[in-house]
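Listing of target_22.tsv; format and content: TSV, C-alpha atoms.
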```
chain	number	residue	atom	x	y	z
A	225	MET	CA	10.65	-17.38	-2.70
A	226	SER	CA	7.44	-16.33	-4.43
A	227	ALA	CA	7.11	-16.50	-8.20
A	228	HIS	CA	5.27	-13.16	-7.95
A	229	ARG	CA	7.81	-10.79	-6.46
A	230	PHE	CA	7.47	-7.04	-6.81
A	231	GLU	CA	10.15	-4.66	-5.62
A	232	GLY	CA	9.73	-0.94	-5.35
A	233	GLY	CA	9.90	2.17	-3.30
A	234	CYS	CA	10.04	5.91	-3.44
A	235	HIS	CA	11.96	7.91	-6.04
A	236	CYS	CA	14.92	8.85	-3.82
A	237	GLY	CA	15.34	5.35	-2.35
A	238	ASN	CA	14.55	6.22	1.27
A	239	LEU	CA	11.50	3.91	1.38
A	240	SER	CA	11.65	0.50	-0.25
A	241	PHE	CA	9.64	-2.70	-0.18
A	242	VAL	CA	9.52	-6.25	-1.42
A	243	PHE	CA	6.01	-7.56	-2.06
A	244	GLU	CA	5.80	-11.34	-2.39
A	245	ALA	CA	2.38	-12.26	-3.71
A	246	SER	CA	0.56	-15.52	-4.20
A	247	ALA	CA	-0.65	-14.40	-7.65
A	248	GLY	CA	0.16	-11.92	-10.38
A	249	LEU	CA	-1.48	-8.54	-10.86
A	250	ASP	CA	-3.78	-10.08	-13.47
A	251	VAL	CA	-5.41	-11.97	-10.56
A	252	LEU	CA	-4.88	-9.50	-7.69
A	253	GLY	CA	-5.99	-6.50	-9.72
A	254	LEU	CA	-5.37	-2.80	-9.23
A	255	ARG	CA	-7.71	-0.45	-7.41
A	256	ALA	CA	-8.26	3.31	-7.54
A	257	ASP	CA	-9.80	4.48	-4.27
A	258	GLN	CA	-12.10	7.46	-4.71
A	259	CYS	CA	-11.19	9.20	-1.42
A	260	SER	CA	-9.78	12.73	-1.60
A	261	PHE	CA	-6.21	11.58	-0.72
A	262	CYS	CA	-6.14	8.94	-3.45
A	263	ARG	CA	-7.74	11.19	-6.05
A	264	ALA	CA	-4.99	13.75	-5.35
A	265	HIS	CA	-2.13	11.19	-5.48
A	266	ALA	CA	-3.57	8.87	-8.17
A	267	PRO	CA	-2.18	5.60	-6.81
A	268	ARG	CA	-3.06	2.22	-8.27
A	269	THR	CA	-3.11	-0.03	-5.22
A	270	THR	CA	-3.04	-3.75	-4.76
A	271	SER	CA	-2.82	-6.25	-1.92
A	272	ASP	CA	-2.75	-9.98	-1.24
A	273	PRO	CA	-3.85	-11.48	2.09
A	274	ASP	CA	-1.77	-14.56	1.22
A	275	GLY	CA	1.37	-12.56	0.50
A	276	ILE	CA	3.82	-10.48	2.53
A	277	ILE	CA	5.29	-7.01	2.22
A	278	ARG	CA	8.68	-6.28	3.76
A	279	LEU	CA	9.29	-2.56	4.24
A	280	SER	CA	12.63	-0.80	4.71
A	281	VAL	CA	13.34	2.81	5.64
A	282	HIS	CA	16.84	4.21	5.22
A	283	ASP	CA	16.21	7.44	7.20
A	284	PRO	CA	13.12	7.26	9.46
A	285	ALA	CA	13.16	11.07	9.83
A	286	LYS	CA	12.22	11.25	6.13
A	287	LEU	CA	9.17	8.98	6.49
A	288	SER	CA	5.92	10.88	6.74
A	289	ARG	CA	2.97	8.97	8.21
A	290	TYR	CA	-0.20	10.81	7.27
A	291	ARG	CA	-3.57	9.97	8.84
A	292	PHE	CA	-6.88	11.46	7.88
A	293	ALA	CA	-10.63	10.85	8.07
A	294	GLN	CA	-11.18	7.86	10.40
A	295	ARG	CA	-7.46	7.73	11.33
A	296	THR	CA	-7.31	3.95	10.84
A	297	ALA	CA	-4.15	3.73	8.70
A	298	ASP	CA	-0.85	5.50	8.11
A	299	PHE	CA	-0.40	6.70	4.54
A	300	LEU	CA	3.35	6.31	3.99
A	301	VAL	CA	4.84	9.20	2.06
A	302	CYS	CA	8.53	9.96	1.59
A	303	ALA	CA	9.18	13.42	3.01
A	304	GLU	CA	12.21	13.75	0.71
A	305	CYS	CA	10.75	12.97	-2.74
A	306	GLY	CA	7.00	12.96	-2.02
A	307	VAL	CA	6.14	9.47	-3.28
A	308	PHE	CA	3.18	7.68	-1.63
A	309	VAL	CA	4.21	4.01	-1.32
A	310	GLY	CA	1.14	2.62	0.42
A	311	ALA	CA	-1.15	2.58	3.44
A	312	LEU	CA	-0.30	0.63	6.58
A	313	MET	CA	-2.71	-0.45	9.30
A	314	ARG	CA	-1.69	-2.00	12.57
A	315	ASP	CA	-3.51	-3.84	15.33
A	316	GLY	CA	-1.20	-4.64	18.21
A	317	ALA	CA	1.92	-6.27	16.78
A	318	GLN	CA	0.27	-7.15	13.45
A	319	GLN	CA	0.42	-4.93	10.35
A	320	TRP	CA	-1.36	-5.00	7.00
A	321	MET	CA	-0.67	-2.92	3.91
A	322	THR	CA	-2.04	-1.98	0.54
A	323	VAL	CA	0.80	-0.99	-1.76
A	324	ASN	CA	0.94	1.60	-4.52
A	325	ALA	CA	1.81	-0.31	-7.70
A	326	ASN	CA	3.01	2.95	-9.26
A	327	ALA	CA	6.00	2.59	-6.89
A	328	PHE	CA	6.92	-0.84	-8.35
A	329	LYS	CA	10.21	-0.95	-10.24
A	330	PRO	CA	9.06	-1.15	-13.01
A	331	PRO	CA	5.40	-0.16	-12.51
A	332	PRO	CA	2.58	-1.92	-14.36
A	333	PRO	CA	1.75	-0.48	-17.79
A	334	ALA	CA	-0.28	2.74	-17.72
A	335	ASP	CA	-3.18	0.98	-19.48
A	336	PHE	CA	-3.39	-1.87	-16.93
A	337	PRO	CA	-7.08	-2.22	-15.90
A	338	ILE	CA	-8.09	-0.40	-12.70
A	339	SER	CA	-11.19	-0.95	-10.58
A	340	PRO	CA	-12.53	2.21	-8.91
A	341	VAL	CA	-13.57	1.62	-5.29
A	342	ASP	CA	-15.32	3.80	-2.72
A	343	TYR	CA	-15.18	2.99	0.98
A	344	ASP	CA	-16.60	6.28	2.32
A	345	ALA	CA	-19.74	4.59	3.70
A	346	GLU	CA	-17.78	2.13	5.88
A	347	ASP	CA	-17.81	2.53	9.62
A	348	VAL	CA	-14.58	1.90	11.54
A	349	PRO	CA	-15.25	-1.77	12.52
A	350	SER	CA	-16.18	-2.65	8.91
A	351	ARG	CA	-13.12	-0.85	7.55
A	352	LEU	CA	-10.75	-2.64	9.93
A	353	ALA	CA	-12.32	-6.04	9.19
A	354	ARG	CA	-12.09	-5.50	5.40
A	355	ARG	CA	-8.44	-4.50	5.62
A	356	LYS	CA	-7.51	-7.46	7.82
A	357	ALA	CA	-9.22	-9.78	5.34
A	358	ARG	CA	-7.91	-8.22	2.10
A	359	TRP	CA	-4.69	-6.31	2.75
A	360	THR	CA	-1.22	-7.88	2.78
A	361	PRO	CA	0.54	-8.77	6.04
A	362	ALA	CA	3.53	-6.43	6.44
A	363	THR	CA	6.78	-6.33	8.39
A	364	GLY	CA	9.67	-3.95	8.80
A	365	LEU	CA	8.20	-0.78	10.34
A	366	GLU	CA	7.89	-0.21	14.04
```

What do you get writing this file as structure tokens?
Amino acid sequence: MSAHRFEGGCHCGNLSFVFEASAGLDVLGLRADQCSFCRAHAPRTTSDPDGIIRLSVHDPAKLSRYRFAQRTADFLVCAECGVFVGALMRDGAQQWMTVNANAFKPPPPADFPISPVDYDAEDVPSRLARRKARWTPATGLE
């Protein structure tokens, strides 16, 4: 078991996750993407290519998978309570995720440092390569 274990999920409990990381948030950091979706939802995301995220869904009918722009990832939103838990990308049988730290139980302090990031200039191959290199391997969703 990892010494850096974060549990979380949506407000109503339909979506949950366990994020086992190789380092703490002080090393992994939190990001604030500047895309229109993230500006509207205000997530603070993090990931660890050396970690793992295990996702669980109680009622799959209440899982909304939203895709926009380049359609390269599913933004996982609970259709019941509206919480955005993270973005999931798949390539064949493999999956990678960036998780919304605001969905941690408990979340990081509100004043935890955040790095703004902007990926709008990326083309699809660059975006996929960056995510495979930096996002966290994920399991649990088909």

CA of Pro340 (chain A) to CA of Cys236 (chain A), straight-line distance in Å: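 Computing it gives 28.7 Å between the two atoms.
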
Two-atom distance - CA of Phe328 (chain A), CA of Phe241 (chain A) (Å):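 Going from CA of Phe328 (chain A) over to CA of Phe241 (chain A), I get 8.8 Å.
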
Of the listed residues A:Val309, A:Ala353, A:Ser339, A:Asp344, that which approaches Gly232 (chain A) most closely, counting only C-alpha atoms: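 The shortest atom-to-atom distance to Gly232 (chain A) comes from A:Val309.
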
A:Asn238, A:Leu312, A:Phe243, A:Pro267 ranked by distance to Asp283 (chain A), top pick (using all atoms listed in the file):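 The answer is A:Asn238, which sits nearest to Asp283 (chain A).
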
Who sits within 10 Å of Thr322 (chain A), all atoms listed in the file, same chain under 6 positions skipped, as a list in words: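 Counting only the stated atoms, we get Arg255, Arg268, Thr269, Thr270, Ser271, Asp272, Pro273, Ile277, Phe299, Val309, Gly310, Ala311, Leu312, Met313, Arg355, Arg358, Trp359, Thr360, Pro361 and Ala362 of chain A.
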
Between CA of Gly364 (chain A) and CA of Arg278 (chain A) - distance in Å to one decimal: 5.6 Å

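Once all atoms listed in the file are considered, the residues situated within 10 Å of the file point (-17.1, 6.8, 2.7) turn out to be Gln258, Cys259, Ala293, Gln294, Asp342, Tyr343, Asp344, Ala345, Glu346, Asp347 and Arg351 of chain A.
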
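Near Ser288 (chain A), within a cut-off of 6 Å and counting only C-alpha atoms, sit the residues Leu300, Val301, Cys302 and Ala303 of chain A, with same-chain residues fewer than 4 positions away left out.
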
Test item: residues at most 10 Å from Pro332 (chain A), all atoms listed in the file, excluding those fewer than 6 positions along its chain, as a PyMOL selection string: chain A and resi 249+254+268+325-326

Selected residues written out with C-alpha atoms, as a PDB file, keeping the file's coordinate frame:
```
ATOM      1  CA  LEU A 249      -1.480  -8.540 -10.860  1.00  0.00           C
ATOM      2  CA  LEU A 254      -5.370  -2.800  -9.230  1.00  0.00           C
ATOM      3  CA  ARG A 268      -3.060   2.220  -8.270  1.00  0.00           C
ATOM      4  CA  ALA A 325       1.810  -0.310  -7.700  1.00  0.00           C
ATOM      5  CA  ASN A 326       3.010   2.950  -9.260  1.00  0.00           C
TER       6      ASN A 326
END
```

A:Pro330, A:Ser280, A:Arg354, A:Gly233 ranked by distance to Cys305 (chain A), top pick (using all atoms listed in the file):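 Among A:Pro330, A:Ser280, A:Arg354, A:Gly233, it is A:Gly233 that comes nearest to Cys305 (chain A).
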
Nearest candidate to Pro284 (chain A) (options A:Glu244, A:Arg314, A:Leu239, A:Ala334; using all atoms listed in the file):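 Checking each candidate against Pro284 (chain A), we get A:Leu239 as the closest.
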
Can you complete the atoms of region 295-321 of chain A to N, CA and C atoms and list them as a short mmCIF file (atom, residue, chain, number, x, y, z; two decimals), in the frame of the given file?
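Okay, this is what ended up in part.cif:
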```
data_model
loop_
_atom_site.label_atom_id
_atom_site.label_comp_id
_atom_site.auth_asym_id
_atom_site.auth_seq_id
_atom_site.Cartn_x
_atom_site.Cartn_y
_atom_site.Cartn_z
N ARG A 295 -8.74 7.92 10.66
CA ARG A 295 -7.46 7.73 11.33
C ARG A 295 -7.16 6.25 11.62
N THR A 296 -7.47 5.39 10.66
CA THR A 296 -7.31 3.95 10.84
C THR A 296 -6.07 3.38 10.17
N ALA A 297 -5.35 4.20 9.40
CA ALA A 297 -4.15 3.73 8.70
C ALA A 297 -3.17 4.89 8.55
N ASP A 298 -1.90 4.53 8.41
CA ASP A 298 -0.85 5.50 8.11
C ASP A 298 -0.60 5.45 6.61
N PHE A 299 -0.73 6.60 5.95
CA PHE A 299 -0.40 6.70 4.54
C PHE A 299 1.08 7.07 4.48
N LEU A 300 1.90 6.17 3.96
CA LEU A 300 3.35 6.31 3.99
C LEU A 300 3.85 7.11 2.79
N VAL A 301 4.37 8.29 3.08
CA VAL A 301 4.84 9.20 2.06
C VAL A 301 6.29 9.56 2.38
N CYS A 302 7.14 9.54 1.38
CA CYS A 302 8.53 9.96 1.59
C CYS A 302 8.57 11.48 1.69
N ALA A 303 9.09 11.98 2.81
CA ALA A 303 9.18 13.42 3.01
C ALA A 303 10.26 14.04 2.13
N GLU A 304 11.14 13.24 1.57
CA GLU A 304 12.21 13.75 0.71
C GLU A 304 11.73 13.94 -0.73
N CYS A 305 11.13 12.89 -1.32
CA CYS A 305 10.75 12.97 -2.74
C CYS A 305 9.24 13.03 -2.96
N GLY A 306 8.44 12.80 -1.92
CA GLY A 306 7.00 12.96 -2.02
C GLY A 306 6.21 11.77 -2.53
N VAL A 307 6.85 10.63 -2.74
CA VAL A 307 6.14 9.47 -3.28
C VAL A 307 5.33 8.77 -2.18
N PHE A 308 4.07 8.47 -2.50
CA PHE A 308 3.18 7.68 -1.63
C PHE A 308 3.40 6.21 -1.98
N VAL A 309 3.93 5.41 -1.02
CA VAL A 309 4.21 4.01 -1.32
C VAL A 309 3.10 3.07 -0.90
N GLY A 310 2.24 3.48 0.02
CA GLY A 310 1.14 2.62 0.42
C GLY A 310 0.55 3.05 1.75
N ALA A 311 -0.49 2.32 2.16
CA ALA A 311 -1.15 2.58 3.44
C ALA A 311 -0.94 1.38 4.35
N LEU A 312 -0.64 1.67 5.60
CA LEU A 312 -0.30 0.63 6.58
C LEU A 312 -1.24 0.74 7.77
N MET A 313 -1.84 -0.38 8.13
CA MET A 313 -2.71 -0.45 9.30
C MET A 313 -2.10 -1.41 10.30
N ARG A 314 -2.19 -1.06 11.56
CA ARG A 314 -1.69 -2.00 12.57
C ARG A 314 -2.76 -2.25 13.62
N ASP A 315 -2.66 -3.43 14.21
CA ASP A 315 -3.51 -3.84 15.33
C ASP A 315 -2.60 -4.63 16.24
N GLY A 316 -2.18 -4.01 17.34
CA GLY A 316 -1.20 -4.64 18.21
C GLY A 316 0.11 -4.80 17.47
N ALA A 317 0.65 -6.01 17.46
CA ALA A 317 1.92 -6.27 16.78
C ALA A 317 1.74 -6.61 15.29
N GLN A 318 0.51 -6.78 14.84
CA GLN A 318 0.27 -7.15 13.45
C GLN A 318 0.09 -5.91 12.58
N GLN A 319 0.54 -6.02 11.32
CA GLN A 319 0.42 -4.93 10.35
C GLN A 319 -0.08 -5.49 9.03
N TRP A 320 -0.87 -4.67 8.33
CA TRP A 320 -1.36 -5.00 7.00
C TRP A 320 -1.16 -3.78 6.12
N MET A 321 -0.96 -4.03 4.82
CA MET A 321 -0.67 -2.92 3.91
C MET A 321 -1.32 -3.13 2.56
#
```
